[in-house]
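K.L.:
This is the structure I have questions about; it appears just below.
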Amino acid sequence: MPSVVILHVAEDALPARALAEKLRQAKLTPVIETGSGDAAREAVKSAVVTIALWSPRSVTQQALAE
């Protein structure tokens, strides 16, 4: 079970991976998900914490907001 889910748009993959690495160093179990879909929804339901990366690229993505 993931302890942290990181949601982001594809264009923000680099900062999402950097954040995931920092979380791993803190002994957490991050899972990176892009945007929407059943996999992302299930990951969010099972995680203790969810982080959505908001950026100028992502604020226009309705799927991430949902």
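Letters A, B, ... go to the chains of the structure tokens in the order shown; residues in each chain start at 1; ligands are counted from 1 in the same order.
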Compile the contact shell of range 10-23 of chain A as number ranges by chain: residues with an atom at most 10 Å away, counting only C-alpha atoms, same-chain residues fewer than 2 positions apart removed.

P.N.:
A: 3-8, 25-35, 51-58

K.L.:
Give me, as a PDB file with N, CA, C and O atoms, in the first residue's frame, the residues of chain A that a backbone DSSP run labels strand (DSSP E).

P.N.:
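This is the output file out39.pdb:
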ATOM      1  N   VAL A   4       2.121   7.531   0.154  1.00  0.00           N
ATOM      2  CA  VAL A   4       1.928   8.831  -0.495  1.00  0.00           C
ATOM      3  C   VAL A   4       1.694   8.610  -1.987  1.00  0.00           C
ATOM      4  O   VAL A   4       2.450   7.891  -2.633  1.00  0.00           O
ATOM      5  N   VAL A   5       0.659   9.237  -2.513  1.00  0.00           N
ATOM      6  CA  VAL A   5       0.402   9.232  -3.956  1.00  0.00           C
ATOM      7  C   VAL A   5       0.678  10.639  -4.461  1.00  0.00           C
ATOM      8  O   VAL A   5       0.213  11.622  -3.878  1.00  0.00           O
ATOM      9  N   ILE A   6       1.455  10.725  -5.527  1.00  0.00           N
ATOM     10  CA  ILE A   6       1.761  12.004  -6.160  1.00  0.00           C
ATOM     11  C   ILE A   6       1.013  12.045  -7.486  1.00  0.00           C
ATOM     12  O   ILE A   6       1.273  11.234  -8.374  1.00  0.00           O
ATOM     13  N   LEU A   7       0.070  12.966  -7.607  1.00  0.00           N
ATOM     14  CA  LEU A   7      -0.683  13.150  -8.851  1.00  0.00           C
ATOM     15  C   LEU A   7      -0.084  14.315  -9.621  1.00  0.00           C
ATOM     16  O   LEU A   7       0.217  15.361  -9.037  1.00  0.00           O
ATOM     17  N   HIS A   8       0.081  14.129 -10.926  1.00  0.00           N
ATOM     18  CA  HIS A   8       0.643  15.199 -11.740  1.00  0.00           C
ATOM     19  C   HIS A   8       0.271  14.979 -13.196  1.00  0.00           C
ATOM     20  O   HIS A   8      -0.176  13.904 -13.578  1.00  0.00           O
ATOM     21  N   PRO A  30       6.225   6.234  -1.952  1.00  0.00           N
ATOM     22  CA  PRO A  30       5.450   7.041  -2.899  1.00  0.00           C
ATOM     23  C   PRO A  30       5.066   6.258  -4.149  1.00  0.00           C
ATOM     24  O   PRO A  30       5.761   5.338  -4.574  1.00  0.00           O
ATOM     25  N   VAL A  31       3.945   6.626  -4.713  1.00  0.00           N
ATOM     26  CA  VAL A  31       3.493   6.117  -6.007  1.00  0.00           C
ATOM     27  C   VAL A  31       3.178   7.337  -6.850  1.00  0.00           C
ATOM     28  O   VAL A  31       2.523   8.268  -6.389  1.00  0.00           O
ATOM     29  N   ILE A  32       3.659   7.331  -8.082  1.00  0.00           N
ATOM     30  CA  ILE A  32       3.436   8.465  -8.981  1.00  0.00           C
ATOM     31  C   ILE A  32       2.334   8.096  -9.970  1.00  0.00           C
ATOM     32  O   ILE A  32       2.398   7.063 -10.627  1.00  0.00           O
ATOM     33  N   GLU A  33       1.315   8.942 -10.058  1.00  0.00           N
ATOM     34  CA  GLU A  33       0.197   8.734 -10.985  1.00  0.00           C
ATOM     35  C   GLU A  33       0.021   9.989 -11.834  1.00  0.00           C
ATOM     36  O   GLU A  33       0.157  11.102 -11.332  1.00  0.00           O
ATOM     37  N   THR A  34      -0.278   9.800 -13.084  1.00  0.00           N
ATOM     38  CA  THR A  34      -0.549  10.945 -13.959  1.00  0.00           C
ATOM     39  C   THR A  34      -2.044  11.121 -14.119  1.00  0.00           C
ATOM     40  O   THR A  34      -2.748  10.217 -14.548  1.00  0.00           O
ATOM     41  N   VAL A  49      -1.670   9.678   2.277  1.00  0.00           N
ATOM     42  CA  VAL A  49      -1.547  11.074   1.867  1.00  0.00           C
ATOM     43  C   VAL A  49      -1.541  11.144   0.345  1.00  0.00           C
ATOM     44  O   VAL A  49      -0.935  10.301  -0.310  1.00  0.00           O
ATOM     45  N   THR A  50      -2.191  12.167  -0.207  1.00  0.00           N
ATOM     46  CA  THR A  50      -2.154  12.428  -1.638  1.00  0.00           C
ATOM     47  C   THR A  50      -1.626  13.833  -1.859  1.00  0.00           C
ATOM     48  O   THR A  50      -2.081  14.777  -1.214  1.00  0.00           O
ATOM     49  N   ILE A  51      -0.674  13.950  -2.772  1.00  0.00           N
ATOM     50  CA  ILE A  51      -0.118  15.249  -3.139  1.00  0.00           C
ATOM     51  C   ILE A  51      -0.425  15.488  -4.608  1.00  0.00           C
ATOM     52  O   ILE A  51      -0.079  14.665  -5.456  1.00  0.00           O
ATOM     53  N   ALA A  52      -1.085  16.597  -4.902  1.00  0.00           N
ATOM     54  CA  ALA A  52      -1.333  16.979  -6.295  1.00  0.00           C
ATOM     55  C   ALA A  52      -0.363  18.094  -6.645  1.00  0.00           C
ATOM     56  O   ALA A  52      -0.304  19.111  -5.955  1.00  0.00           O
TER      57      ALA A  52
END

K.L.:
Quick check for you: according to DSSP on this backbone, which residues of chain A are classed as helix (DSSP H, G or I)? Reply as a tab-separated table (two decimals) with N, CA and C atoms, in the first residue's frame.

P.N.:
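This is the output file part_17.tsv:
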chain	number	residue	atom	x	y	z
A	10	ALA	N	1.59	14.84	-17.21
A	10	ALA	CA	2.79	14.26	-17.82
A	10	ALA	C	3.93	15.26	-17.93
A	11	GLU	N	3.62	16.51	-18.19
A	11	GLU	CA	4.65	17.53	-18.34
A	11	GLU	C	5.40	17.82	-17.04
A	12	ASP	N	4.86	17.40	-15.91
A	12	ASP	CA	5.50	17.63	-14.61
A	12	ASP	C	6.14	16.36	-14.05
A	13	ALA	N	6.52	15.45	-14.93
A	13	ALA	CA	7.10	14.18	-14.48
A	13	ALA	C	8.42	14.39	-13.73
A	14	LEU	N	9.24	15.30	-14.19
A	14	LEU	CA	10.54	15.51	-13.55
A	14	LEU	C	10.40	15.96	-12.09
A	15	PRO	N	9.61	17.00	-11.80
A	15	PRO	CA	9.46	17.37	-10.39
A	15	PRO	C	8.74	16.29	-9.57
A	16	ALA	N	7.85	15.53	-10.19
A	16	ALA	CA	7.17	14.44	-9.47
A	16	ALA	C	8.17	13.37	-9.07
A	17	ARG	N	9.08	13.03	-9.98
A	17	ARG	CA	10.10	12.03	-9.66
A	17	ARG	C	11.06	12.53	-8.59
A	18	ALA	N	11.41	13.81	-8.63
A	18	ALA	CA	12.29	14.39	-7.61
A	18	ALA	C	11.63	14.35	-6.24
A	19	LEU	N	10.35	14.68	-6.19
A	19	LEU	CA	9.61	14.61	-4.93
A	19	LEU	C	9.53	13.17	-4.43
A	20	ALA	N	9.26	12.25	-5.31
A	20	ALA	CA	9.18	10.84	-4.92
A	20	ALA	C	10.50	10.36	-4.33
A	21	GLU	N	11.61	10.78	-4.90
A	21	GLU	CA	12.92	10.38	-4.37
A	21	GLU	C	13.12	10.94	-2.96
A	22	LYS	N	12.75	12.17	-2.73
A	22	LYS	CA	12.86	12.75	-1.38
A	22	LYS	C	11.99	11.98	-0.39
A	23	LEU	N	10.81	11.58	-0.82
A	23	LEU	CA	9.92	10.82	0.06
A	23	LEU	C	10.51	9.44	0.36
A	24	ARG	N	11.13	8.82	-0.63
A	24	ARG	CA	11.79	7.52	-0.39
A	24	ARG	C	12.92	7.66	0.62
A	25	GLN	N	13.67	8.75	0.53
A	25	GLN	CA	14.76	9.00	1.47
A	25	GLN	C	14.22	9.17	2.90
A	38	ASP	N	-8.94	5.10	-13.51
A	38	ASP	CA	-9.25	4.20	-12.41
A	38	ASP	C	-8.04	3.89	-11.54
A	39	ALA	N	-6.88	3.74	-12.16
A	39	ALA	CA	-5.67	3.43	-11.38
A	39	ALA	C	-5.35	4.56	-10.41
A	40	ALA	N	-5.46	5.79	-10.88
A	40	ALA	CA	-5.20	6.95	-10.01
A	40	ALA	C	-6.22	7.02	-8.89
A	41	ARG	N	-7.48	6.80	-9.20
A	41	ARG	CA	-8.52	6.86	-8.17
A	41	ARG	C	-8.29	5.79	-7.10
A	42	GLU	N	-7.94	4.59	-7.51
A	42	GLU	CA	-7.69	3.51	-6.55
A	42	GLU	C	-6.46	3.79	-5.70
A	43	ALA	N	-5.42	4.35	-6.30
A	43	ALA	CA	-4.22	4.70	-5.55
A	43	ALA	C	-4.53	5.75	-4.50
A	44	VAL	N	-5.32	6.75	-4.86
A	44	VAL	CA	-5.70	7.80	-3.91
A	44	VAL	C	-6.51	7.21	-2.76
A	45	LYS	N	-7.42	6.31	-3.06
A	45	LYS	CA	-8.24	5.69	-2.01
A	45	LYS	C	-7.41	4.90	-1.01
A	46	SER	N	-6.33	4.27	-1.49
A	46	SER	CA	-5.55	3.41	-0.61
A	46	SER	C	-4.39	4.13	0.07
A	62	GLN	N	-8.40	19.52	-16.68
A	62	GLN	CA	-9.60	19.17	-15.93
A	62	GLN	C	-9.48	17.79	-15.28
A	63	ALA	N	-8.84	16.85	-15.95
A	63	ALA	CA	-8.73	15.48	-15.42
A	63	ALA	C	-8.00	15.46	-14.09
A	64	LEU	N	-6.97	16.27	-13.92
A	64	LEU	CA	-6.25	16.29	-12.65
A	64	LEU	C	-7.11	16.89	-11.55
A	65	ALA	N	-7.86	17.91	-11.87
A	65	ALA	CA	-8.73	18.54	-10.88
A	65	ALA	C	-9.81	17.59	-10.37
